[in-house]
Every structure is written in structure tokens, then in C-alpha cells.
>>> print(open('model-v6.cif').read())   # mmCIF, C-alpha atoms
data_query
loop_
_atom_site.label_atom_id
_atom_site.label_comp_id
_atom_site.auth_asym_id
_atom_site.auth_seq_id
_atom_site.Cartn_x
_atom_site.Cartn_y
_atom_site.Cartn_z
CA MET A 29 89.98 7.80 97.07
CA THR A 30 93.12 8.62 99.04
CA GLY A 31 94.39 12.02 100.10
CA MET A 32 96.90 11.95 97.24
CA HIS A 33 94.11 11.39 94.73
CA ILE A 34 92.20 14.33 96.18
CA LEU A 35 95.31 16.52 96.09
CA PHE A 36 96.02 15.69 92.46
CA TRP A 37 92.51 16.17 91.14
CA ALA A 38 91.84 19.24 93.28
CA THR A 39 94.92 21.09 92.00
CA ALA A 40 94.26 19.95 88.43
CA ALA A 41 90.68 21.24 88.74
CA LEU A 42 91.90 24.59 90.10
CA ILE A 43 94.26 25.03 87.13
CA VAL A 44 91.46 24.23 84.68
CA TYR A 45 89.09 26.55 86.55
CA VAL A 46 91.53 29.48 86.47
CA TYR A 47 92.09 29.34 82.72
CA ALA A 48 88.80 27.91 81.43
CA GLY A 49 86.21 27.55 84.17
CA TYR A 50 86.21 31.16 85.30
CA PRO A 51 85.66 32.62 81.81
CA ALA A 52 82.97 30.00 81.24
CA LEU A 53 81.27 31.00 84.50
CA LEU A 54 81.27 34.68 83.50
CA ALA A 55 79.81 33.82 80.10
CA LEU A 56 77.11 31.66 81.69
CA ILE A 57 76.09 34.43 84.11
CA GLY A 58 75.86 36.91 81.26
CA ALA A 59 73.82 34.51 79.15
CA CYS A 60 71.41 33.87 82.04
CA GLY A 61 70.41 37.50 82.41
CA GLY A 62 73.21 38.80 84.62
CA ARG A 63 74.35 41.49 82.21
CA LYS A 64 74.46 45.12 83.38
CA SER A 65 74.36 47.75 80.67
CA VAL A 66 76.18 51.08 80.83
CA LYS A 67 74.10 54.17 80.08
CA ALA A 68 76.72 55.83 77.88
CA ALA A 69 76.10 59.15 76.14
CA PRO A 70 78.15 61.89 74.43
CA LEU A 71 79.91 63.90 77.11
CA GLU A 72 82.65 66.57 77.15
CA PRO A 73 83.74 67.26 80.75
CA PRO A 74 87.17 68.80 81.46
CA VAL A 75 89.80 66.07 81.13
CA THR A 76 93.37 65.83 82.38
CA LEU A 77 95.55 63.34 80.52
CA VAL A 78 98.33 62.30 82.91
CA VAL A 79 101.40 60.91 81.15
CA SER A 80 103.90 59.08 83.35
CA ALA A 81 107.48 59.48 82.20
CA TYR A 82 110.93 58.45 83.28
CA ASN A 83 113.70 59.01 80.74
CA GLU A 84 111.34 58.95 77.77
CA ALA A 85 113.23 61.33 75.45
CA GLY A 86 112.92 58.81 72.65
CA VAL A 87 109.11 58.82 72.60
CA ILE A 88 107.83 61.80 74.58
CA GLY A 89 107.74 64.12 71.54
CA GLU A 90 105.61 61.63 69.62
CA LYS A 91 103.38 61.15 72.66
CA MET A 92 102.79 64.90 72.99
CA ALA A 93 101.95 65.21 69.30
CA ASN A 94 99.58 62.27 69.62
CA SER A 95 97.92 63.76 72.71
CA LEU A 96 97.42 67.21 71.19
CA ALA A 97 95.87 65.68 68.07
CA LEU A 98 93.16 63.83 70.02
CA ASP A 99 89.56 64.49 69.02
CA TYR A 100 88.55 66.40 72.13
CA PRO A 101 87.79 70.11 72.66
CA ALA A 102 91.09 71.95 73.11
CA GLY A 103 89.69 74.11 75.89
CA LYS A 104 88.72 71.05 77.90
CA LEU A 105 91.90 69.00 77.58
CA GLU A 106 94.94 69.34 79.82
CA VAL A 107 98.03 67.19 79.17
CA LEU A 108 100.05 66.80 82.36
CA VAL A 109 103.42 65.06 82.06
CA VAL A 110 104.70 63.83 85.42
CA SER A 111 108.44 63.24 85.15
CA ASP A 112 109.99 60.99 87.76
CA ALA A 113 113.24 63.00 87.93
CA SER A 114 114.11 62.19 84.31
CA ASP A 115 117.72 63.03 83.39
CA ASP A 116 117.81 62.31 79.66
CA GLY A 117 116.25 65.49 78.29
CA THR A 118 112.63 64.37 78.59
CA ASP A 119 111.71 67.46 80.59
CA ASP A 120 113.34 69.85 78.11
CA ILE A 121 111.36 68.32 75.26
CA VAL A 122 108.10 68.82 77.16
CA ARG A 123 109.00 72.40 78.12
CA SER A 124 109.76 73.22 74.48
CA ILE A 125 106.19 72.48 73.38
CA ALA A 126 104.45 75.81 72.82
CA ASP A 127 100.94 74.74 73.67
CA PRO A 128 99.25 75.92 76.88
CA ARG A 129 97.50 72.57 77.23
CA VAL A 130 100.82 70.86 78.00
CA GLN A 131 102.09 71.09 81.57
CA LEU A 132 105.16 69.52 83.18
CA LEU A 133 105.16 68.27 86.74
CA ARG A 134 108.70 67.30 87.64
CA MET A 135 109.41 65.16 90.69
CA GLU A 136 112.77 66.38 91.96
CA ALA A 137 113.73 63.00 93.42
CA ARG A 138 112.81 59.58 92.06
CA GLY A 139 109.89 58.29 94.04
CA GLY A 140 108.27 55.95 91.56
CA LYS A 141 105.27 56.08 89.26
CA THR A 142 102.66 55.85 92.00
CA LEU A 143 103.92 58.83 93.98
CA GLY A 144 104.06 60.75 90.71
CA LEU A 145 100.42 59.93 90.02
CA ASN A 146 99.43 61.02 93.52
CA ALA A 147 101.01 64.41 92.85
CA ALA A 148 99.57 64.61 89.34
CA VAL A 149 95.97 64.01 90.42
CA LEU A 150 96.37 66.66 93.11
CA ALA A 151 97.52 69.13 90.44
CA ALA A 152 95.01 68.04 87.78
CA ARG A 153 92.18 70.41 86.83
CA GLY A 154 90.04 67.95 84.91
CA GLU A 155 86.89 66.37 86.24
CA ILE A 156 88.00 63.15 84.55
CA VAL A 157 91.60 61.99 84.79
CA VAL A 158 93.03 59.70 82.11
CA PHE A 159 96.23 57.80 82.90
CA SER A 160 98.70 56.91 80.18
CA ASP A 161 102.28 55.83 79.57
CA ALA A 162 104.68 57.76 77.37
CA ASN A 163 104.88 55.07 74.70
CA ALA A 164 101.11 54.49 74.50
CA MET A 165 99.73 56.19 71.41
CA TYR A 166 95.97 56.80 71.43
CA ARG A 167 93.55 56.54 68.58
CA PRO A 168 91.97 60.00 67.98
CA ASP A 169 88.64 59.09 69.61
CA ALA A 170 90.08 57.20 72.60
CA ILE A 171 89.25 59.83 75.23
CA ARG A 172 85.77 60.46 73.83
CA ARG A 173 85.06 56.74 73.94
CA MET A 174 86.10 56.44 77.58
CA VAL A 175 84.44 59.65 78.75
CA SER A 176 81.05 58.70 77.27
CA ASN A 177 80.76 55.94 79.88
CA PHE A 178 80.81 58.49 82.70
CA ALA A 179 77.35 59.61 81.65
CA ASP A 180 76.29 56.65 83.78
CA PRO A 181 76.58 57.80 87.43
CA ALA A 182 77.34 54.24 88.53
CA VAL A 183 80.61 54.21 86.57
CA GLY A 184 83.71 55.32 88.45
CA ALA A 185 86.48 54.06 86.16
CA VAL A 186 86.80 53.09 82.51
CA ILE A 187 89.51 50.78 81.19
CA GLY A 188 90.56 51.11 77.55
CA GLU A 189 92.17 48.52 75.30
CA SER A 190 95.92 48.23 74.80
CA THR A 191 97.09 46.79 71.52
CA TYR A 192 100.58 45.98 70.32
CA SER A 193 102.36 46.83 67.09
CA ASP A 194 105.30 45.10 65.43
CA ALA A 195 104.48 41.85 67.22
CA THR A 196 106.93 39.75 65.24
CA GLY A 197 109.20 38.23 67.86
CA GLY A 198 108.44 35.33 70.17
CA ALA A 199 107.71 37.41 73.24
CA ASP A 200 105.56 39.83 71.31
CA GLN A 201 103.54 37.11 69.61
CA ASP A 202 102.73 35.29 72.78
CA GLU A 203 102.23 38.41 74.87
CA SER A 204 99.71 39.42 72.21
CA LEU A 205 98.00 36.01 72.48
CA TYR A 206 97.94 36.31 76.28
CA TRP A 207 96.55 39.83 75.98
CA ARG A 208 93.72 38.70 73.71
CA TYR A 209 92.79 36.15 76.37
CA GLU A 210 92.83 38.89 79.03
CA VAL A 211 90.70 41.15 76.82
CA ALA A 212 88.07 38.42 76.54
CA ILE A 213 87.91 38.13 80.32
CA LYS A 214 87.65 41.90 80.76
CA ARG A 215 84.73 42.00 78.34
CA LEU A 216 82.94 39.29 80.30
CA GLU A 217 83.64 40.88 83.71
CA SER A 218 82.54 44.32 82.54
CA ALA A 219 79.33 42.94 81.08
CA ILE A 220 78.15 41.65 84.46
CA GLY A 221 79.73 44.17 86.84
CA SER A 222 83.30 45.42 87.14
CA VAL A 223 86.67 44.48 85.71
CA VAL A 224 89.42 43.54 88.15
CA GLY A 225 92.28 46.02 87.83
CA GLY A 226 93.10 48.51 85.12
CA ASP A 227 95.68 49.16 82.44
CA GLY A 228 98.36 51.75 83.10
CA ALA A 229 98.51 52.64 79.41
CA ILE A 230 94.87 53.70 79.12
CA TYR A 231 92.29 54.09 81.87
CA ALA A 232 90.16 56.94 83.18
CA ILE A 233 88.58 57.76 86.53
CA ARG A 234 86.44 60.40 88.20
CA ARG A 235 89.03 62.63 89.89
CA SER A 236 86.85 62.89 92.99
CA LEU A 237 87.21 59.13 93.58
CA TYR A 238 91.01 59.04 93.58
CA VAL A 239 92.59 57.90 96.85
CA PRO A 240 96.37 58.51 97.24
CA MET A 241 98.35 55.29 97.24
CA ARG A 242 101.54 54.05 98.86
CA ALA A 243 104.74 54.31 96.84
CA ASP A 244 104.96 50.54 96.36
CA ALA A 245 101.33 50.14 95.22
CA LEU A 246 100.70 48.97 91.66
CA SER A 247 98.62 51.99 90.69
CA ASP A 248 96.62 50.57 87.79
CA PHE A 249 95.64 47.59 89.95
CA VAL A 250 94.99 49.30 93.29
CA ASN A 251 93.26 52.45 92.02
CA PRO A 252 90.41 50.64 90.18
CA LEU A 253 89.99 48.29 93.15
CA GLN A 254 89.63 51.27 95.46
CA ILE A 255 86.95 52.70 93.19
CA ALA A 256 85.06 49.38 93.02
CA ARG A 257 85.30 49.11 96.80
CA SER A 258 83.56 52.50 97.00
CA GLY A 259 80.56 51.04 95.19
CA TYR A 260 81.26 52.26 91.64
CA ARG A 261 81.68 50.14 88.53
CA CYS A 262 84.95 49.78 86.64
CA VAL A 263 83.93 49.06 83.06
CA TYR A 264 85.81 48.10 79.92
CA GLU A 265 85.62 50.23 76.77
CA PRO A 266 87.11 48.21 73.88
CA ARG A 267 86.69 51.10 71.42
CA ALA A 268 89.16 53.28 73.36
CA ILE A 269 92.36 52.02 71.83
CA SER A 270 96.01 52.56 72.73
CA VAL A 271 98.84 51.23 70.58
CA GLU A 272 102.31 50.46 71.87
CA LYS A 273 105.24 48.21 71.10
CA ALA A 274 105.56 45.12 73.26
CA ALA A 275 108.72 44.53 75.26
CA GLY A 276 110.00 42.33 72.45
CA ASP A 277 112.37 40.43 74.72
CA PHE A 278 111.61 37.53 77.04
CA ASP A 279 114.11 38.63 79.70
CA ARG A 280 112.62 42.11 79.96
CA GLU A 281 109.13 40.68 79.90
CA PHE A 282 110.04 38.27 82.71
CA ARG A 283 111.42 41.06 84.90
CA ARG A 284 108.36 43.20 84.21
CA LYS A 285 105.97 40.42 85.24
CA VAL A 286 107.95 39.71 88.42
CA ARG A 287 107.60 43.38 89.41
CA ILE A 288 103.89 43.43 88.56
CA VAL A 289 103.05 40.30 90.58
CA ASN A 290 105.23 41.40 93.50
CA ARG A 291 103.46 44.76 93.76
CA ALA A 292 100.00 43.38 93.05
CA TRP A 293 100.35 40.63 95.65
CA ARG A 294 101.50 43.12 98.28
CA ALA A 295 98.64 45.41 97.32
CA MET A 296 96.11 42.59 97.58
CA MET A 297 97.34 41.81 101.08
CA SER A 298 96.70 45.45 102.02
CA LEU A 299 93.17 45.29 100.57
CA LYS A 300 92.11 42.05 102.25
CA ASP A 301 88.63 43.36 102.96
CA LEU A 302 87.91 42.92 99.24
CA LEU A 303 88.26 39.17 99.80
CA ASN A 304 85.15 39.20 102.00
CA PRO A 305 82.21 38.00 99.84
CA PHE A 306 79.71 39.11 102.48
CA ARG A 307 80.76 42.72 101.88
CA HIS A 308 81.63 42.68 98.20
CA GLY A 309 79.61 39.81 96.79
CA PHE A 310 80.49 38.49 93.36
CA PHE A 311 83.33 40.99 92.95
CA THR A 312 85.24 39.01 95.57
CA LEU A 313 84.90 35.88 93.44
CA GLU A 314 86.20 37.85 90.47
CA ILE A 315 89.28 38.99 92.39
CA VAL A 316 90.00 35.52 93.73
CA SER A 317 89.47 33.81 90.37
CA HIS A 318 91.13 36.32 88.05
CA LYS A 319 94.04 37.37 90.26
CA VAL A 320 94.71 35.42 93.46
CA LEU A 321 94.24 31.93 92.04
CA ARG A 322 96.05 32.92 88.82
CA TRP A 323 99.08 34.03 90.84
CA LEU A 324 99.00 30.72 92.73
CA VAL A 325 98.96 28.54 89.60
CA PRO A 326 102.73 27.81 89.93
CA LEU A 327 102.01 26.22 93.32
CA PHE A 328 99.13 24.22 91.87
CA LEU A 329 101.32 23.04 88.98
CA LEU A 330 104.04 21.86 91.36
CA ILE A 331 101.60 20.04 93.66
CA CYS A 332 99.88 18.45 90.67
CA LEU A 333 103.20 17.17 89.32
CA LEU A 334 104.37 15.78 92.68
CA ALA A 335 101.00 14.12 93.36
CA ASN A 336 101.05 12.60 89.89
CA LEU A 337 104.49 11.11 90.60
CA ALA A 338 103.18 9.60 93.84
CA LEU A 339 100.28 8.00 91.96
CA LEU A 340 102.41 6.44 89.21
CA ARG A 341 102.26 3.01 90.83
CA GLU A 342 98.59 2.88 89.84
CA GLY A 343 99.61 2.99 86.18
CA GLY A 344 97.15 3.63 83.37
CA LEU A 345 95.68 7.11 83.46
CA TYR A 346 98.31 8.52 85.81
CA VAL A 347 101.17 7.39 83.56
CA PHE A 348 99.48 9.12 80.62
CA LEU A 349 98.88 12.33 82.60
CA LEU A 350 102.45 12.45 83.87
CA ALA A 351 103.76 11.90 80.34
CA GLY A 352 101.68 14.87 79.20
CA GLN A 353 103.08 17.10 81.96
CA VAL A 354 106.67 16.02 81.30
CA LEU A 355 106.26 16.58 77.56
CA PHE A 356 104.85 20.06 78.12
CA TYR A 357 107.73 21.09 80.40
CA ALA A 358 110.25 19.49 78.02
CA LEU A 359 108.88 21.63 75.18
CA ALA A 360 109.25 24.68 77.40
CA ALA A 361 112.85 23.73 78.19
CA VAL A 362 113.67 23.20 74.51
CA GLY A 363 112.00 26.54 73.81
CA HIS A 364 114.31 28.17 76.34
CA ALA A 365 117.36 26.63 74.68
CA ARG A 366 116.17 27.69 71.22
CA ARG A 367 115.47 31.21 72.47
CA LEU A 368 119.06 31.52 73.70
CA ARG A 369 120.13 30.74 70.13
CA GLY A 370 117.74 33.36 68.78
CA ASP A 371 115.48 30.83 67.08
CA LEU A 372 112.21 30.17 68.90
CA PRO A 373 109.46 28.56 66.77
CA ARG A 374 105.85 29.35 67.60
CA ALA A 375 105.10 25.76 68.67
CA LEU A 376 107.73 26.05 71.41
CA ALA A 377 107.03 29.69 72.28
CA LEU A 378 103.59 28.92 73.69
CA PRO A 379 104.69 26.39 76.38
CA TYR A 380 107.79 28.47 77.07
CA TYR A 381 105.75 31.63 77.58
CA PHE A 382 103.27 29.83 79.84
CA VAL A 383 106.07 28.49 82.04
CA MET A 384 107.88 31.84 82.02
CA VAL A 385 104.74 33.69 83.15
CA ASN A 386 104.14 31.26 86.00
CA LEU A 387 107.78 31.32 87.10
CA ALA A 388 107.52 35.10 87.18
CA SER A 389 104.40 34.85 89.36
CA ALA A 390 106.17 32.48 91.74
CA ARG A 391 109.21 34.72 91.97
CA GLY A 392 107.12 37.85 92.44
CA ILE A 393 105.23 36.34 95.38
CA LEU A 394 108.38 34.91 96.96
CA GLU A 395 110.11 38.28 96.66
CA ALA A 396 107.13 39.92 98.35
CA TYR A 397 107.58 37.60 101.33
CA TRP A 398 111.35 38.10 101.28
CA GLY A 399 110.71 41.82 101.73
CA ARG A 400 111.65 42.92 98.21
CA THR A 401 109.68 46.00 97.11
CA TYR A 402 109.55 47.90 93.85
CA THR A 403 108.75 51.60 94.00
CA THR A 404 110.67 53.34 91.25
CA TRP A 405 109.17 52.71 87.84
CA THR A 406 111.24 51.79 84.80
CA PRO A 407 109.61 51.33 81.38
CA PRO A 408 110.25 47.84 79.93
CA ARG A 409 112.16 49.24 76.96
CA ALA A 410 114.69 50.71 79.42
CA SER A 411 114.77 47.93 82.01
#
>>> encode(input="model-v6.cif", output="C-alpha cells")
Amino acid sequence: MTGMHILFWATAALIVYVYAGYPALLALIGACGGRKSVKAAPLEPPVTLVVSAYNEAGVIGEKMANSLALDYPAGKLEVLVVSDASDDGTDDIVRSIADPRVQLLRMEARGGKTLGLNAAVLAARGEIVVFSDANAMYRPDAIRRMVSNFADPAVGAVIGESTYSDATGGADQDESLYWRYEVAIKRLESAIGSVVGGDGAIYAIRRSLYVPMRADALSDFVNPLQIARSGYRCVYEPRAISVEKAAGDFDREFRRKVRIVNRAWRAMMSLKDLLNPFRHGFFTLEIVSHKVLRWLVPLFLLICLLANLALLREGGLYVFLLAGQVLFYALAAVGHARRLRGDLPRALALPYYFVMVNLASARGILEAYWGRTYTTWTPPRAS
């Protein structure tokens, strides 16, 4: 076997491992006795619900009504809206709410979501802090479901489940499909240890474990990693449900994913000690498999394609495999053309979405090395 053969099959194996092998490994570990239960119990500690907002006048009223209607003792719930220098009337709407549980923390200059969260946690009075976005509407029992997990002293963070409504367009349908895949992985990771990263729409932490982050840090990725690095578990609570509308537009979704990968990659480079398996054990494998290798899939795809082209002279299997790759990318290209015409069938949306996600990963990483940083936070519906 030549070096080109090794290159082709090694990159092909890495792609298969990222999307199928890693979930299979998690499932196997759980089935072989590696599961770790969470000693959950009814609990009602003081909670601060932090709502990040930048120019959210269109949804902030609904979010406040949703928050105040949650099934949690009124005397133990604080709703803290951190406004990143909003200038569309968001702050006035929050100030007009005549409920002492609602507090406004206005950042006078735009500094980004992460700096806003740093200030919010410092001002929070709750023992447990729940982080949410302005367009994320919680089911009534969402906070109770998350908080119950903190009865286990080993738990430092709890990640809820985001769901999407009105998923009728191409981007929404396939984002929803992608999210269901991610949910399955989170369930498997949580069952044997800790999930990798959080969800900015719905996750909770022990306030005492919060470590202030840099302005360019992706908060819902870095914060749970910091907590896991401290020796606590980050677990997934599928019964704590948040509902929001997906971006609904491939261009917005692409820009959002570029920003996420850019910030997450930079954050990972600042948390390199987590990549040391001698210090962090299996959690390091989780980070590498679920995040680092996933971000590098575009590179693996390119190498696999080029190696396949170099092996064409051998005919047979390599001709068949190249034809499969070319067909897949052709379907993605046709999907792109159909999307521009406003008509993207589901059969083309899947390959198009896969390619779009991986192009976004590639661009996000390249931008990180080009020195591009994202600090100010813009919701996808306004991007």
C-alpha cells in the first residue's frame, strides 16, 4: 500500500468516525457499563434567568411574559435582561414591566454577548444562573427540570434542549435534522460523563463556578468547558425545553456558523490543556471527536477527493468512489442553484446543507488564522 492509499483511506476513515464511529463508540461504552447516573431530586434554590438581548424589541415582550409565567416560586426567580447597548426600544419595553422580578442591566457601549454575561453573572443574586436568548421561549417546567440535576453535587452545568418551530423552509428542515443528530450525541455523552459545550438558548450553571471570559470567547462553548475542567459534570436534560424559530435562511445560517466556528476554534486554542488526555481522560477524546475533528472535516474531504483522483489509474473501486464523491458535490451545487431560485427540494437540501456547514467550518477556521475576531453579538434574525 502506497502513501496515497494510506492518505485516502485514513481521511475517509476519519470522516466516517466523526459522523458515525464516535456516536457508536459512546453507545458501546454506555452499553458496557460506562453509564453514570445523575442523582436528581426536586430542588428550589434562588435562580437568576439571564436573557441576552441586542435590539430585540420584536420579541422581548413575549420573552418576559414567558419568563414570568414559568413554574418556579416567584420569590426565588430573578429575570435579568442584559442589553448590549440596544437602540431599538428593547430597554424601554423591559423597564415598562411592572414586576420586581425583572431587572435591566444595560451595557452603555456594545461589547458583545460574552462581556454582557460577565457583567450579568456578577450582578446576579441566584445560586443557579440560567442563560437564555431573547427569542427562546421556555416550556413552563424548563427551569425546574434543569435545577433538579443540581441536587447531585457532581453536576456543575445542565444543558437543556432547543427545539425549532415553523421548520418549513430548506434551512429550517435541515438545521432541525442536524440538531436531532446533535441531540443524540449529547444524550450519549451525558450518559457516560459530560457533554461538550452548551446551548446559549438554554443552559444553567452553579454561579460559584462561573469564570469571566474574554470578549471574543464563545460563551456557551467555553463556559461549560471551564466547568468540566474544574472537575464537575456538564449533563444534558432533554425535558428542559426551549422553543425558537430557526434562522430560516441559508445565508444567515452560513454566517452564523462561520462566527460560531471562528470563536470556538479560537477558544479551543486558548484551552489547549483540555486536549491532554493524561489530565482530562476520556473528556479529551470527546472534545477531539465531537469538536476538533468535526471542524477539520472540510480538510479531510479535500484530501480524500485529491487522493482519490491520484488513485484513478488503478480503476475499479477508486473510479466508483470518485463517482460517488462527484455526484454528491454535484447535487450540492444543483441545490445551491435551486436555492437561488427559491425552490430547493429536500433531496438536494441535505447534500447542500452538509457542504454549506463544512464550508462554514473551513471559513471560520481560516478567518481565525487571518486574525478575524467576532465580539459583538447579533441574533441571526437581525444579521
>>> resolve_selection(input="model-v6.cif", expression="the PyMOL selection byres ((chain A and resi 223) around 12)", output="MDAnalysis selection string")
chainID A and resid 54 183:188 210:222 224:227 231 248:249 252:253 255:256 260:265 310:315 317:319
>>> residues_around(input="model-v6.cif", residues="range 290-305 of chain A", least_positions_apart="4", cutoff="9 Å", atoms="only C-alpha atoms", output="MDAnalysis selection string")
chainID A and resid 244:246 249:250 253:254 257 285:286 309:313 315:316 319:320 323 389 391:397 400:403
>>> closest_atom_pairs(input="model-v6.cif", of="range 147-249 of chain A", to="range 80-83 of chain A", cutoff="8 Å", atoms="all atoms listed in the file", output="Markdown table")
| residue | atom | partner | partner_atom | distance |
| --- | --- | --- | --- | --- |
| A:Phe159 | CA | A:Ser80 | CA | 7.8 |
| A:Ser160 | CA | A:Ser80 | CA | 6.5 |
| A:Asp161 | CA | A:Ser80 | CA | 5.2 |
| A:Ala162 | CA | A:Ala81 | CA | 5.8 |
>>> closest_residue(input="model-v6.cif", among="A:Ala179, A:Leu340, A:Ile125, A:Val157", to="Ile230 in chain A", atoms="all atoms listed in the file")
A:Val157
>>> residues_around(input="model-v6.cif", residues="Asp169 in chain A", least_positions_apart="6", cutoff="12 Å", atoms="all atoms listed in the file", output="number ranges by chain")
A: 70, 94-95, 97-101, 175-176, 188, 265-270
>>> resolve_selection(input="model-v6.cif", expression="the PyMOL selection byres ((chain A and resi 114) around 10)", output="list in words")
Ala81, Tyr82, Asn83, Glu84, Ala85, Val110, Ser111, Asp112, Ala113, Asp115, Asp116, Gly117, Thr118, Asp119, Asp120, Arg134, Met135, Glu136, Ala137 and Arg138 of chain A
>>> residues_near_point(input="model-v6.cif", point="(83.9, 70.3, 86.7)", cutoff="8 Å", atoms="only C-alpha atoms", output="PDB file with C-alpha atoms, in the coordinates of the input")
ATOM      1  CA  PRO A  73      83.740  67.260  80.750  1.00  0.00           C
ATOM      2  CA  PRO A  74      87.170  68.800  81.460  1.00  0.00           C
ATOM      3  CA  GLY A 154      90.040  67.950  84.910  1.00  0.00           C
ATOM      4  CA  GLU A 155      86.890  66.370  86.240  1.00  0.00           C
TER       5      GLU A 155
END
>>> closest_residue(input="model-v6.cif", among="A:Ala388, A:Leu145, A:Ala151, A:Val271", to="Arg242 in chain A", atoms="all atoms listed in the file")
A:Leu145
>>> residues_near_point(input="model-v6.cif", point="(104.5, 13.8, 88.1)", cutoff="6 Å", atoms="only C-alpha atoms", output="list in words")
Leu333, Leu334, Asn336, Leu337 and Leu350 of chain A
>>> atom_distance(input="model-v6.cif", atom1="CA of Val385 in chain A", atom2="CA of Ala358 in chain A")
16.1 Å
>>> atom_distance(input="model-v6.cif", atom1="CA of Ala170 in chain A", atom2="CA of Leu96 in chain A")
12.5 Å
>>> resolve_selection(input="model-v6.cif", expression="the PyMOL selection byres ((chain A and resi 338) around 12)", output="list in words")
Thr30, Gly31, Met32, His33, Leu35, Phe36, Ile331, Cys332, Leu333, Leu334, Ala335, Asn336, Leu337, Leu339, Leu340, Arg341, Glu342, Gly343, Tyr346, Val347 and Leu350 of chain A
>>> closest_residue(input="model-v6.cif", among="A:Arg123, A:Lys104, A:Arg129, A:Arg234", to="Met174 in chain A", atoms="only C-alpha atoms")
A:Arg234
>>> atom_distance(input="model-v6.cif", atom1="CA of Gly352 in chain A", atom2="CA of Leu368 in chain A")
24.7 Å
>>> closest_residue(input="model-v6.cif", among="A:Lys91, A:Lys141, A:Lys67, A:His364", to="Met241 in chain A", atoms="all atoms listed in the file")
A:Lys141
>>> closest_residue(input="model-v6.cif", among="A:Ser258, A:Tyr238, A:Val362, A:Val66", to="Ala147 in chain A", atoms="all atoms listed in the file")
A:Tyr238
